[in-house]
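The file data_6.tsv contains TSV, C-alpha atoms:
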```
chain	number	residue	atom	x	y	z
A	1	MET	CA	48.48	13.04	-31.27
A	2	LYS	CA	48.45	15.44	-28.37
A	3	SER	CA	47.23	14.16	-25.01
A	4	LEU	CA	43.97	15.54	-23.61
A	5	PHE	CA	46.01	17.50	-21.05
A	6	ALA	CA	48.21	19.05	-23.75
A	7	ARG	CA	45.21	20.02	-25.88
A	8	LEU	CA	43.41	21.44	-22.85
A	9	ALA	CA	46.47	23.46	-21.80
A	10	SER	CA	46.83	24.82	-25.34
A	11	ASN	CA	43.17	25.84	-25.52
A	12	VAL	CA	43.27	27.39	-22.05
A	13	GLY	CA	46.26	29.50	-23.05
A	14	LEU	CA	44.52	30.57	-26.27
A	15	ALA	CA	41.34	31.56	-24.46
A	16	LEU	CA	43.15	33.55	-21.78
A	17	GLY	CA	45.47	35.16	-24.32
A	18	LEU	CA	42.58	36.22	-26.54
A	19	ALA	CA	40.69	37.70	-23.61
A	20	SER	CA	43.78	39.63	-22.54
A	21	ALA	CA	44.53	40.85	-26.07
A	22	LEU	CA	40.99	42.14	-26.53
A	23	SER	CA	40.95	43.69	-23.03
A	24	LEU	CA	37.68	41.93	-22.26
A	25	PRO	CA	36.10	42.54	-18.86
A	26	ALA	CA	36.27	39.57	-16.47
A	27	ALA	CA	32.58	38.73	-16.95
A	28	ALA	CA	33.11	38.28	-20.69
A	29	GLN	CA	36.08	35.92	-20.46
A	30	CYS	CA	35.50	32.27	-21.11
A	31	LEU	CA	37.87	31.25	-18.33
A	32	GLN	CA	37.80	33.22	-15.08
A	33	LEU	CA	40.13	32.91	-12.11
A	34	ASP	CA	38.36	33.14	-8.76
A	35	ASN	CA	41.23	35.21	-7.24
A	36	LEU	CA	41.31	33.21	-4.00
A	37	ASP	CA	44.87	31.94	-4.42
A	38	ASN	CA	47.77	34.26	-3.65
A	39	THR	CA	51.22	34.04	-2.09
A	40	ILE	CA	50.45	35.82	1.20
A	41	PRO	CA	50.16	33.31	4.10
A	42	CYS	CA	46.79	33.82	5.81
A	43	GLY	CA	46.27	36.74	3.45
A	44	PRO	CA	42.97	38.33	2.46
A	45	ALA	CA	41.26	37.57	-0.84
A	46	GLN	CA	38.17	38.66	-2.71
A	47	THR	CA	36.00	36.93	-5.28
A	48	VAL	CA	32.71	37.56	-7.05
A	49	VAL	CA	31.28	34.45	-8.74
A	50	PRO	CA	27.48	34.81	-9.06
A	51	GLN	CA	25.46	32.50	-11.33
A	52	LYS	CA	22.20	32.75	-13.29
A	53	ASN	CA	18.84	31.07	-12.75
A	54	PHE	CA	17.85	27.80	-14.46
A	55	GLN	CA	15.26	25.01	-14.40
A	56	HIS	CA	15.89	21.26	-14.29
A	57	GLN	CA	13.92	18.08	-14.64
A	58	SER	CA	15.03	16.28	-11.51
A	59	LEU	CA	14.59	13.09	-9.55
A	60	GLY	CA	13.17	12.76	-6.05
A	61	ILE	CA	14.42	9.76	-4.09
A	62	CYS	CA	12.94	8.31	-0.92
A	63	TRP	CA	15.39	6.15	1.04
A	64	ASN	CA	14.11	3.37	3.29
A	65	ASN	CA	16.62	1.85	5.70
A	66	CYS	CA	19.69	2.95	3.70
A	67	GLN	CA	18.44	1.79	0.31
A	68	VAL	CA	16.31	3.20	-2.50
A	69	GLY	CA	12.63	2.95	-1.63
A	70	SER	CA	10.82	4.89	-4.35
A	71	THR	CA	11.43	7.67	-6.87
A	72	ALA	CA	9.41	10.40	-8.59
A	73	THR	CA	10.09	13.14	-11.13
A	74	TYR	CA	10.00	16.85	-10.32
A	75	THR	CA	10.77	20.21	-11.89
A	76	VAL	CA	13.20	22.29	-9.86
A	77	GLN	CA	13.76	26.01	-10.35
A	78	TRP	CA	16.99	27.59	-9.07
A	79	GLY	CA	17.02	31.37	-8.86
A	80	ASN	CA	19.94	33.71	-9.51
A	81	LEU	CA	22.77	33.55	-7.00
A	82	THR	CA	22.70	36.86	-5.15
A	83	GLN	CA	25.43	38.09	-2.85
A	84	MET	CA	24.63	38.10	0.85
A	85	ASN	CA	24.44	41.68	2.16
A	86	LEU	CA	24.90	41.50	5.89
A	87	ASN	CA	25.55	45.01	7.13
A	88	THR	CA	23.66	48.30	7.08
A	89	ALA	CA	25.96	49.73	4.41
A	90	GLY	CA	25.01	46.94	2.02
A	91	VAL	CA	28.49	45.42	1.92
A	92	SER	CA	28.41	41.79	0.78
A	93	SER	CA	30.00	38.87	2.54
A	94	CYS	CA	32.69	37.39	0.32
A	95	ALA	CA	31.69	34.15	-1.48
A	96	TRP	CA	28.33	33.79	0.33
A	97	TYR	CA	25.25	33.65	-1.88
A	98	GLY	CA	21.52	33.10	-1.66
A	99	SER	CA	19.19	31.39	-4.14
A	100	ARG	CA	15.47	30.79	-4.11
A	101	VAL	CA	14.69	27.15	-4.91
A	102	ARG	CA	11.20	25.94	-5.86
A	103	ILE	CA	10.35	22.25	-6.36
A	104	LEU	CA	7.28	21.41	-8.43
A	105	ASN	CA	5.36	18.16	-8.73
A	106	GLY	CA	3.76	18.65	-12.12
A	107	MET	CA	2.32	22.17	-11.96
A	108	THR	CA	2.11	22.21	-8.15
A	109	VAL	CA	4.80	23.87	-6.03
A	110	VAL	CA	5.53	21.46	-3.18
A	111	TRP	CA	8.66	23.06	-1.66
A	112	ASP	CA	9.93	26.64	-1.64
A	113	GLY	CA	12.93	28.08	0.14
A	114	ASN	CA	15.77	30.56	0.17
A	115	LEU	CA	18.96	28.50	0.38
A	116	HIS	CA	22.47	29.56	1.35
A	117	LEU	CA	25.45	28.76	-0.90
A	118	SER	CA	29.10	28.91	0.15
A	119	TYR	CA	31.46	29.09	-2.82
A	120	ALA	CA	33.92	26.18	-2.74
A	121	ARG	CA	36.27	26.17	-5.75
A	122	THR	CA	36.74	26.18	-9.52
A	123	TRP	CA	38.56	23.84	-11.92
A	124	LEU	CA	38.72	22.85	-15.58
A	125	GLU	CA	37.43	19.70	-17.23
A	126	GLY	CA	38.50	18.39	-20.61
A	127	GLN	CA	36.15	17.19	-23.30
A	128	ASN	CA	37.28	14.79	-26.03
A	129	SER	CA	37.77	17.77	-28.35
A	130	GLY	CA	40.17	19.37	-25.88
A	131	ALA	CA	37.84	22.36	-25.46
A	132	PRO	CA	37.67	23.17	-21.74
A	133	LEU	CA	34.73	23.29	-19.41
A	134	GLN	CA	35.12	25.53	-16.38
A	135	VAL	CA	33.28	24.28	-13.30
A	136	TRP	CA	32.36	26.29	-10.20
A	137	ARG	CA	31.24	24.39	-7.08
A	138	TYR	CA	29.08	25.71	-4.25
A	139	LEU	CA	28.03	23.91	-1.06
A	140	VAL	CA	24.35	24.41	-0.23
A	141	ASN	CA	22.20	24.32	2.88
A	142	GLY	CA	18.94	25.78	4.09
A	143	ASP	CA	15.27	25.21	4.83
A	144	LEU	CA	12.72	24.17	2.23
A	145	ARG	CA	9.22	25.16	3.36
A	146	ILE	CA	6.41	22.77	2.44
A	147	VAL	CA	3.79	24.36	0.21
A	148	SER	CA	1.74	21.28	-0.70
A	149	GLN	CA	1.72	17.78	0.75
A	150	ASN	CA	0.47	16.39	-2.56
A	151	GLY	CA	3.53	14.43	-3.72
A	152	ALA	CA	5.97	16.37	-1.55
A	153	THR	CA	8.43	13.47	-1.80
A	154	ALA	CA	8.42	10.11	-3.56
A	155	CYS	CA	6.98	8.52	-0.39
A	156	GLY	CA	4.79	11.21	1.12
A	157	THR	CA	5.36	14.05	3.56
A	158	PRO	CA	8.41	13.67	5.84
A	159	GLY	CA	7.46	12.90	9.42
A	160	CYS	CA	9.34	15.95	10.73
A	161	ILE	CA	6.97	18.34	8.96
A	162	SER	CA	4.36	19.90	11.25
A	163	SER	CA	2.46	23.14	11.65
A	164	ALA	CA	5.06	24.19	14.21
A	165	THR	CA	8.01	23.21	11.97
A	166	PRO	CA	6.85	23.28	8.33
A	167	VAL	CA	10.41	23.18	7.00
A	168	MET	CA	12.95	20.53	6.03
A	169	ARG	CA	16.67	21.33	6.36
A	170	VAL	CA	18.70	20.19	3.34
A	171	THR	CA	22.42	20.04	2.62
A	172	GLY	CA	24.16	19.39	-0.68
A	173	TYR	CA	25.92	21.13	-3.54
A	174	ILE	CA	25.64	22.56	-7.04
A	175	ASP	CA	28.17	22.59	-9.90
A	176	TYR	CA	27.87	25.16	-12.70
A	177	ALA	CA	29.83	24.27	-15.87
A	178	PHE	CA	30.50	26.60	-18.81
A	179	ASP	CA	31.43	25.05	-22.17
A	180	CYS	CA	33.98	27.34	-23.80
A	181	SER	CA	33.47	25.83	-27.27
A	182	THR	CA	29.69	26.34	-27.42
A	183	SER	CA	29.15	29.12	-24.81
A	184	THR	CA	26.51	27.00	-23.08
A	185	TRP	CA	25.88	26.18	-19.42
A	186	ARG	CA	25.34	22.82	-17.70
A	187	ARG	CA	24.57	22.14	-14.03
A	188	ALA	CA	24.57	19.18	-11.65
A	189	TRP	CA	23.33	19.28	-8.06
A	190	MET	CA	21.96	17.41	-5.07
A	191	LEU	CA	19.91	18.32	-1.96
A	192	HIS	CA	19.56	15.80	0.86
A	193	HIS	CA	17.58	15.55	4.10
A	194	GLY	CA	18.92	12.69	6.19
A	195	CYS	CA	17.23	10.31	8.58
A	196	ASP	CA	16.88	11.23	12.26
A	197	ALA	CA	20.44	10.20	13.16
A	198	VAL	CA	21.70	12.75	10.62
A	199	ASP	CA	19.29	15.69	10.47
A	200	HIS	CA	17.49	15.35	13.83
A	201	ALA	CA	20.51	14.46	15.94
A	202	PRO	CA	20.06	14.75	19.72
A	203	GLY	CA	21.47	17.74	21.56
A	204	TYR	CA	20.63	20.29	18.85
A	205	PRO	CA	17.53	22.20	17.68
A	206	ARG	CA	14.95	20.04	15.82
A	207	ALA	CA	16.15	16.86	17.55
A	208	GLY	CA	13.65	14.04	17.81
A	209	THR	CA	12.21	10.84	16.38
A	210	PHE	CA	10.38	11.62	13.14
A	211	HIS	CA	11.62	9.37	10.31
A	212	PRO	CA	14.38	7.13	11.76
A	213	GLY	CA	14.54	4.89	8.70
A	214	GLN	CA	13.78	7.41	5.98
A	215	ALA	CA	15.82	10.03	4.13
A	216	PHE	CA	14.92	12.25	1.16
A	217	THR	CA	16.93	13.51	-1.82
A	218	PHE	CA	16.35	15.72	-4.85
A	219	VAL	CA	18.98	15.52	-7.60
A	220	GLY	CA	19.37	16.98	-11.07
A	221	PRO	CA	19.54	16.56	-13.93
A	222	ALA	CA	17.33	13.46	-13.86
A	223	ALA	CA	18.39	12.28	-17.34
A	224	GLY	CA	20.66	9.26	-17.09
A	225	PHE	CA	20.76	9.27	-13.28
A	226	VAL	CA	20.70	5.90	-11.47
A	227	PRO	CA	19.87	6.28	-7.75
A	228	GLY	CA	22.00	4.33	-5.31
A	229	ALA	CA	24.63	3.42	-7.92
A	230	GLY	CA	28.34	3.87	-7.27
A	231	LEU	CA	31.03	1.92	-5.45
A	232	THR	CA	33.66	4.61	-4.82
A	233	ILE	CA	34.73	5.25	-1.24
A	234	GLU	CA	36.93	8.12	-0.15
A	235	SER	CA	40.32	6.83	0.98
A	236	GLY	CA	44.02	7.36	0.51
A	237	SER	CA	46.41	10.29	0.71
A	238	ASN	CA	46.90	13.37	-1.44
A	239	SER	CA	48.47	16.79	-1.39
A	240	SER	CA	46.33	18.66	-3.91
A	241	GLU	CA	43.80	21.42	-3.37
A	242	SER	CA	43.26	23.66	-0.37
A	243	LEU	CA	41.88	24.72	2.99
A	244	ARG	CA	40.30	28.14	3.43
A	245	ARG	CA	38.72	30.35	6.07
A	246	TRP	CA	36.54	33.42	6.23
A	247	ASP	CA	37.11	36.16	8.79
A	248	ALA	CA	33.57	36.31	10.15
A	249	THR	CA	34.26	37.71	13.62
A	250	ALA	CA	32.47	40.82	12.38
A	251	LEU	CA	30.01	40.63	9.49
A	252	PRO	CA	30.15	40.93	6.53
A	253	ALA	CA	32.49	37.96	6.25
A	254	ARG	CA	35.79	38.45	4.45
A	255	CYS	CA	37.52	35.73	2.42
A	256	GLY	CA	40.92	34.38	3.29
A	257	SER	CA	43.21	33.07	0.59
A	258	GLU	CA	43.39	29.39	-0.25
A	259	GLU	CA	46.00	27.48	1.73
A	260	GLN	CA	47.73	24.66	-0.15
A	261	VAL	CA	47.20	21.22	1.37
A	262	LEU	CA	50.50	19.57	2.31
A	263	ASN	CA	48.91	16.24	3.12
A	264	ALA	CA	45.38	14.93	3.53
A	265	THR	CA	44.30	11.39	4.33
A	266	ILE	CA	41.08	9.47	4.76
A	267	SER	CA	41.58	6.10	6.43
A	268	PRO	CA	38.73	3.56	6.11
A	269	LEU	CA	37.04	2.54	9.37
A	270	ASN	CA	33.66	0.89	8.83
A	271	MET	CA	30.54	0.35	6.75
A	272	THR	CA	27.21	0.83	8.51
A	273	CYS	CA	23.59	1.96	8.16
A	274	MET	CA	22.82	5.21	9.98
A	275	CYS	CA	19.08	4.84	9.42
A	276	SER	CA	17.62	1.89	11.38
A	277	ALA	CA	18.35	-1.60	10.07
A	278	GLY	CA	19.41	-1.94	6.46
A	279	PRO	CA	22.33	-2.47	4.08
A	280	ALA	CA	25.65	-1.09	5.33
A	281	ASN	CA	25.78	1.67	2.71
A	282	TYR	CA	27.24	4.43	4.90
A	283	TYR	CA	31.02	4.52	4.65
A	284	GLU	CA	32.99	5.73	7.68
A	285	GLY	CA	36.59	6.90	7.69
A	286	MET	CA	39.02	9.15	9.56
A	287	LEU	CA	39.81	12.44	7.80
A	288	MET	CA	42.93	14.47	8.54
A	289	ALA	CA	44.36	17.43	6.61
A	290	PHE	CA	47.38	19.69	7.07
A	291	GLY	CA	47.99	22.98	5.27
A	292	ALA	CA	51.14	24.81	4.20
A	293	ASN	CA	50.45	27.72	6.57
A	294	GLY	CA	49.72	25.64	9.66
A	295	THR	CA	46.00	24.92	9.33
A	296	THR	CA	45.01	21.47	10.60
A	297	VAL	CA	41.82	19.42	10.40
A	298	THR	CA	41.81	16.49	12.83
A	299	PRO	CA	39.28	14.36	14.73
A	300	PHE	CA	38.90	14.82	18.49
A	301	PRO	CA	37.97	12.32	21.23
A	302	GLY	CA	34.34	11.24	20.74
A	303	SER	CA	33.92	13.02	17.39
A	304	ASP	CA	31.83	11.47	14.64
A	305	PRO	CA	33.90	10.03	11.77
A	306	PHE	CA	33.86	11.14	8.17
A	307	ARG	CA	30.74	9.60	6.63
A	308	SER	CA	29.44	9.38	3.09
A	309	PHE	CA	26.37	7.86	1.47
A	310	PRO	CA	25.92	6.94	-2.24
A	311	ILE	CA	23.16	9.07	-3.81
A	312	GLY	CA	23.74	7.66	-7.30
A	313	GLN	CA	25.46	8.11	-10.63
A	314	TRP	CA	25.00	9.97	-13.91
A	315	THR	CA	25.65	7.62	-16.82
A	316	ASN	CA	25.83	9.70	-20.03
A	317	PRO	CA	29.52	10.01	-21.05
A	318	SER	CA	28.78	12.82	-23.52
A	319	VAL	CA	26.90	15.29	-21.29
A	320	PHE	CA	28.13	17.09	-18.16
A	321	PRO	CA	28.89	15.85	-15.57
A	322	GLY	CA	29.78	12.71	-17.55
A	323	VAL	CA	29.84	9.29	-15.89
A	324	GLU	CA	30.04	10.61	-12.35
A	325	GLU	CA	29.05	9.34	-8.91
A	326	VAL	CA	27.70	11.67	-6.23
A	327	ARG	CA	27.79	11.00	-2.49
A	328	TRP	CA	26.46	13.08	0.41
A	329	ASN	CA	29.08	13.43	3.17
A	330	SER	CA	29.62	14.78	6.69
A	331	ASN	CA	32.41	14.95	9.27
A	332	GLU	CA	33.16	16.23	12.76
A	333	ALA	CA	36.59	17.68	13.43
A	334	THR	CA	38.70	20.36	15.06
A	335	PHE	CA	39.75	23.01	12.57
A	336	VAL	CA	42.77	25.05	13.72
A	337	ASP	CA	43.25	27.85	11.21
A	338	CYS	CA	46.47	29.51	10.06
A	339	THR	CA	46.27	32.09	12.87
A	340	GLY	CA	46.25	29.34	15.50
A	341	VAL	CA	42.55	29.69	16.39
A	342	GLY	CA	40.81	26.33	16.80
A	343	ARG	CA	37.21	25.17	16.94
A	344	SER	CA	35.48	21.77	17.06
A	345	GLU	CA	32.54	21.64	14.65
A	346	TYR	CA	30.41	19.64	12.23
A	347	TYR	CA	30.87	19.62	8.46
A	348	PHE	CA	28.51	18.83	5.58
A	349	GLY	CA	29.34	18.47	1.91
A	350	VAL	CA	29.63	16.31	-1.17
A	351	THR	CA	31.86	13.78	-2.83
A	352	THR	CA	31.92	13.37	-6.61
A	353	ALA	CA	33.90	10.65	-8.37
A	354	GLY	CA	34.68	10.25	-12.05
A	355	GLY	CA	33.21	12.56	-14.66
A	356	PHE	CA	35.32	14.30	-17.30
A	357	PRO	CA	39.12	14.52	-16.68
A	358	ALA	CA	39.73	17.42	-14.28
A	359	PHE	CA	42.60	19.93	-14.07
A	360	SER	CA	43.56	22.63	-11.58
A	361	PHE	CA	43.05	26.26	-12.55
A	362	ASN	CA	44.56	29.09	-10.51
A	363	ALA	CA	46.88	32.05	-10.77
A	364	THR	CA	49.93	30.78	-8.87
A	365	THR	CA	50.60	27.31	-10.34
A	366	PRO	CA	50.34	25.73	-13.81
A	367	GLN	CA	47.35	23.58	-14.73
A	368	ALA	CA	47.81	20.00	-13.55
A	369	PRO	CA	45.62	16.88	-13.55
A	370	LEU	CA	43.46	16.42	-10.46
A	371	SER	CA	42.64	13.09	-8.88
A	372	PRO	CA	39.07	12.08	-9.82
A	373	VAL	CA	37.54	11.91	-6.32
A	374	PHE	CA	36.53	15.42	-5.14
A	375	VAL	CA	35.70	15.85	-1.43
A	376	ASP	CA	34.31	19.25	-0.43
A	377	GLN	CA	32.96	20.26	2.98
A	378	CYS	CA	32.04	23.41	4.90
A	379	ASN	CA	31.42	23.84	8.62
A	380	SER	CA	28.03	24.18	10.29
A	381	VAL	CA	28.16	27.10	12.73
A	382	THR	CA	26.22	30.14	13.84
A	383	LEU	CA	28.08	33.36	13.09
A	384	PRO	CA	29.66	35.60	14.15
A	385	ASN	CA	29.85	33.77	17.53
A	386	GLY	CA	31.12	30.57	15.87
A	387	LEU	CA	28.99	28.11	17.84
A	388	ALA	CA	28.76	24.61	16.34
A	389	THR	CA	25.25	23.62	15.28
A	390	ARG	CA	23.34	20.85	13.50
A	391	ASN	CA	19.83	20.16	12.17
A	392	ARG	CA	19.18	23.73	11.00
A	393	PRO	CA	20.48	26.21	8.38
A	394	PHE	CA	23.99	27.51	8.92
A	395	ARG	CA	26.70	29.78	7.62
A	396	SER	CA	30.28	28.63	7.09
A	397	ASP	CA	33.68	30.16	7.78
A	398	HIS	CA	35.80	27.07	7.07
A	399	MET	CA	36.10	25.29	3.72
A	400	ILE	CA	37.82	21.96	2.98
A	401	ASN	CA	38.62	21.05	-0.66
A	402	LEU	CA	40.41	17.73	-1.23
A	403	ASN	CA	41.13	15.26	-4.03
A	404	PHE	CA	41.89	11.56	-3.75
```
Now that the file is in, can you turn its structure into structure tokens?
Amino acid sequence: MKSLFARLASNVGLALGLASALSLPAAAQCLQLDNLDNTIPCGPAQTVVPQKNFQHQSLGICWNNCQVGSTATYTVQWGNLTQMNLNTAGVSSCAWYGSRVRILNGMTVVWDGNLHLSYARTWLEGQNSGAPLQVWRYLVNGDLRIVSQNGATACGTPGCISSATPVMRVTGYIDYAFDCSTSTWRRAWMLHHGCDAVDHAPGYPRAGTFHPGQAFTFVGPAAGFVPGAGLTIESGSNSSESLRRWDATALPARCGSEEQVLNATISPLNMTCMCSAGPANYYEGMLMAFGANGTTVTPFPGSDPFRSFPIGQWTNPSVFPGVEEVRWNSNEATFVDCTGVGRSEYYFGVTTAGGFPAFSFNATTPQAPLSPVFVDQCNSVTLPNGLATRNRPFRSDHMINLNF
């Protein structure tokens, strides 16, 4: 019997060959390259990967002192991903998107906001049948504006909400998966607003003491999701996946090509609670990454470590994303890009662990199995000046994609 990898590779070849033979446009192909990998060091690239709107039954989680406090169910509506047009000629920034997100408690809209999405990467996942799923990941951030305080979270209105600041900054991610055998879509996502030490850190806008022991998460789909579950921590060494930059010195931003990772490590440091006194559920480590074209990601004296926090786990092995853990993460590092330009900055992102078996998918190398722990982060800066920021919405011009 063929292995899952062999069956997946066979089906991938068939799907791409059929699309080529029929001269189908890119939008009609089951499997679509994102065109961000090429052989030109520091070279330019271009991709267009918009996605359609959908609605999810989701779970709201209130965290008290680093552990699950209470939960509630919500309906969350994600709008179409629209390209970000940032100049007077209407030219779009490469791989930057916007989506309107509305969160409803019953029939009542409690949060509404236009969120920013930075495209991260694509890969394939294998089902038991061997038919591939293609997954596209985006990292998300932005402000959700409170519309109603009636059940705004599972434990009331966050203490940072006021008439002067009626918004809550969230960070997270969304995965869109297309099933090539059934032509159907699945999604998995998470939005998180951390406690004061995370999302109201001193020295930046919106700093203060508002909810030092509380944090708030929305996650979907709700079906089969267990909040707080998951024991995976990010550690070890690997040489798969990529680093990437945008040229955003003048907007609209232009994509750079993916730079192969030569070596990336996360070394464990500590377990702690970032949010008052509670279980030591925040994992801390030291992240370092080195790219084939000279890009480096390294800590600097006094920088915050890599941190991650377990949001929970999906438990249905038959439905995307499978049995998969999700963790919110952050990091502070100096990113020196392939042109030699360096900047110290904060990063926000996501870790997922487990799920269906995953395989690389790009134009320059054959498909190969990927390690099951995906770590994806983008930097938090104001552009085009490139100033590091926290606590508020941001744009990104650096992307880190790693597997462990």
List the spatial neighbours of A:Trp96 as number ranges by chain - criterion: any atom at most 6 Å away, all atoms listed in the file, same-chain residues fewer than 5 positions off excluded.
A: 84, 117-118
Of A:Gly340, A:Gly354, A:Pro321, A:Pro393, the one nearest to A:Trp185 when counting all atoms listed in the file is A:Pro321
Excluding stretch 171-178 of chain A and residues on its chain fewer than 6 positions from it, collect all residues at most 6 Å away from it, counting all atoms listed in the file, and give them as a list in words.
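Surrounding residues, per the criterion: Leu133, Gln134, Val135, Trp136, Arg137, Tyr138, Leu139, Val140, Asn141, Thr184, Trp185, Arg186, Arg187, Ala188, Trp189, Met190, Leu191, His192 and Gly349 of chain A.
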Considering only C-alpha atoms, give me a table of residues in stretch 209-249 of chain A that are at most 12 Å from stretch 37-57 of chain A, with the closest atom pair and distance in Å for each, as CSV.
```
residue,atom,partner,partner_atom,distance
A:Phe218,CA,A:Gln57,CA,10.4
A:Val219,CA,A:Gln57,CA,9.0
A:Gly220,CA,A:His56,CA,6.4
A:Pro221,CA,A:Gln57,CA,5.9
A:Ala222,CA,A:Gln57,CA,5.8
A:Ala223,CA,A:Gln57,CA,7.8
A:Gly224,CA,A:Gln57,CA,11.4
A:Phe225,CA,A:Gln57,CA,11.2
A:Glu241,CA,A:Asp37,CA,10.6
A:Ser242,CA,A:Asp37,CA,9.4
A:Leu243,CA,A:Cys42,CA,10.7
A:Arg244,CA,A:Cys42,CA,8.9
A:Arg245,CA,A:Cys42,CA,8.8
A:Trp246,CA,A:Pro44,CA,8.9
A:Asp247,CA,A:Pro44,CA,8.9
```
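Within 9 Å of A:Asn379, once only C-alpha atoms are used and residues closer than 2 positions along the same chain are dropped, the contacting residues are Asn331, Glu332, Glu345, Tyr346, Tyr347, Phe348, Gly349, Gln377, Val381, Ala388, Phe394, Arg395, Ser396, Asp397, His398, Met399 and Ile400 of chain A.
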Print the selection's residues with C-alpha atoms to a file, as a PDB file, in the coordinates of the input.
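File written: selection.pdb
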```pdb
ATOM      1  CA  ASN A 331      32.410  14.950   9.270  1.00  0.00           C
ATOM      2  CA  GLU A 332      33.160  16.230  12.760  1.00  0.00           C
ATOM      3  CA  GLU A 345      32.540  21.640  14.650  1.00  0.00           C
ATOM      4  CA  TYR A 346      30.410  19.640  12.230  1.00  0.00           C
ATOM      5  CA  TYR A 347      30.870  19.620   8.460  1.00  0.00           C
ATOM      6  CA  PHE A 348      28.510  18.830   5.580  1.00  0.00           C
ATOM      7  CA  GLY A 349      29.340  18.470   1.910  1.00  0.00           C
ATOM      8  CA  GLN A 377      32.960  20.260   2.980  1.00  0.00           C
ATOM      9  CA  VAL A 381      28.160  27.100  12.730  1.00  0.00           C
ATOM     10  CA  ALA A 388      28.760  24.610  16.340  1.00  0.00           C
ATOM     11  CA  PHE A 394      23.990  27.510   8.920  1.00  0.00           C
ATOM     12  CA  ARG A 395      26.700  29.780   7.620  1.00  0.00           C
ATOM     13  CA  SER A 396      30.280  28.630   7.090  1.00  0.00           C
ATOM     14  CA  ASP A 397      33.680  30.160   7.780  1.00  0.00           C
ATOM     15  CA  HIS A 398      35.800  27.070   7.070  1.00  0.00           C
ATOM     16  CA  MET A 399      36.100  25.290   3.720  1.00  0.00           C
ATOM     17  CA  ILE A 400      37.820  21.960   2.980  1.00  0.00           C
TER      18      ILE A 400
END
```
At what distance in Å, to one decimal, does atom CA of A:Pro227 lie from atom CA of A:Ala72?
11.3 Å
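Here atom CA of A:Gly208 and atom CA of A:Ser148 stand 23.2 Å from one another.
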Mind giving me the straight-line distance from atom CA of A:Glu125 to atom CA of A:Gln32 in Å, one decimal?
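Answer for the atom CA of A:Glu125 to atom CA of A:Gln32 separation: 13.7 Å.
Here the question is which of A:Ser70, A:Arg254, A:Ile146, A:Leu33 gets nearest to A:Cys94 using only C-alpha atoms, and that residue is A:Arg254.
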Excluding A:Thr71 and residues on its chain fewer than 3 positions from it, collect all residues at most 7 Å away from it, counting only C-alpha atoms, and give them as a PyMOL selection string.
chain A and resi 59-62+154
All residues 8 Å or closer to A:Leu402, all atoms listed in the file, same chain fewer than 3 positions away omitted, as a count of residues only
8
Residue among A:Pro158, A:Gly291, A:Pro301, A:Pro372 lying closest to A:Asp196, counting only C-alpha atoms
A:Pro158
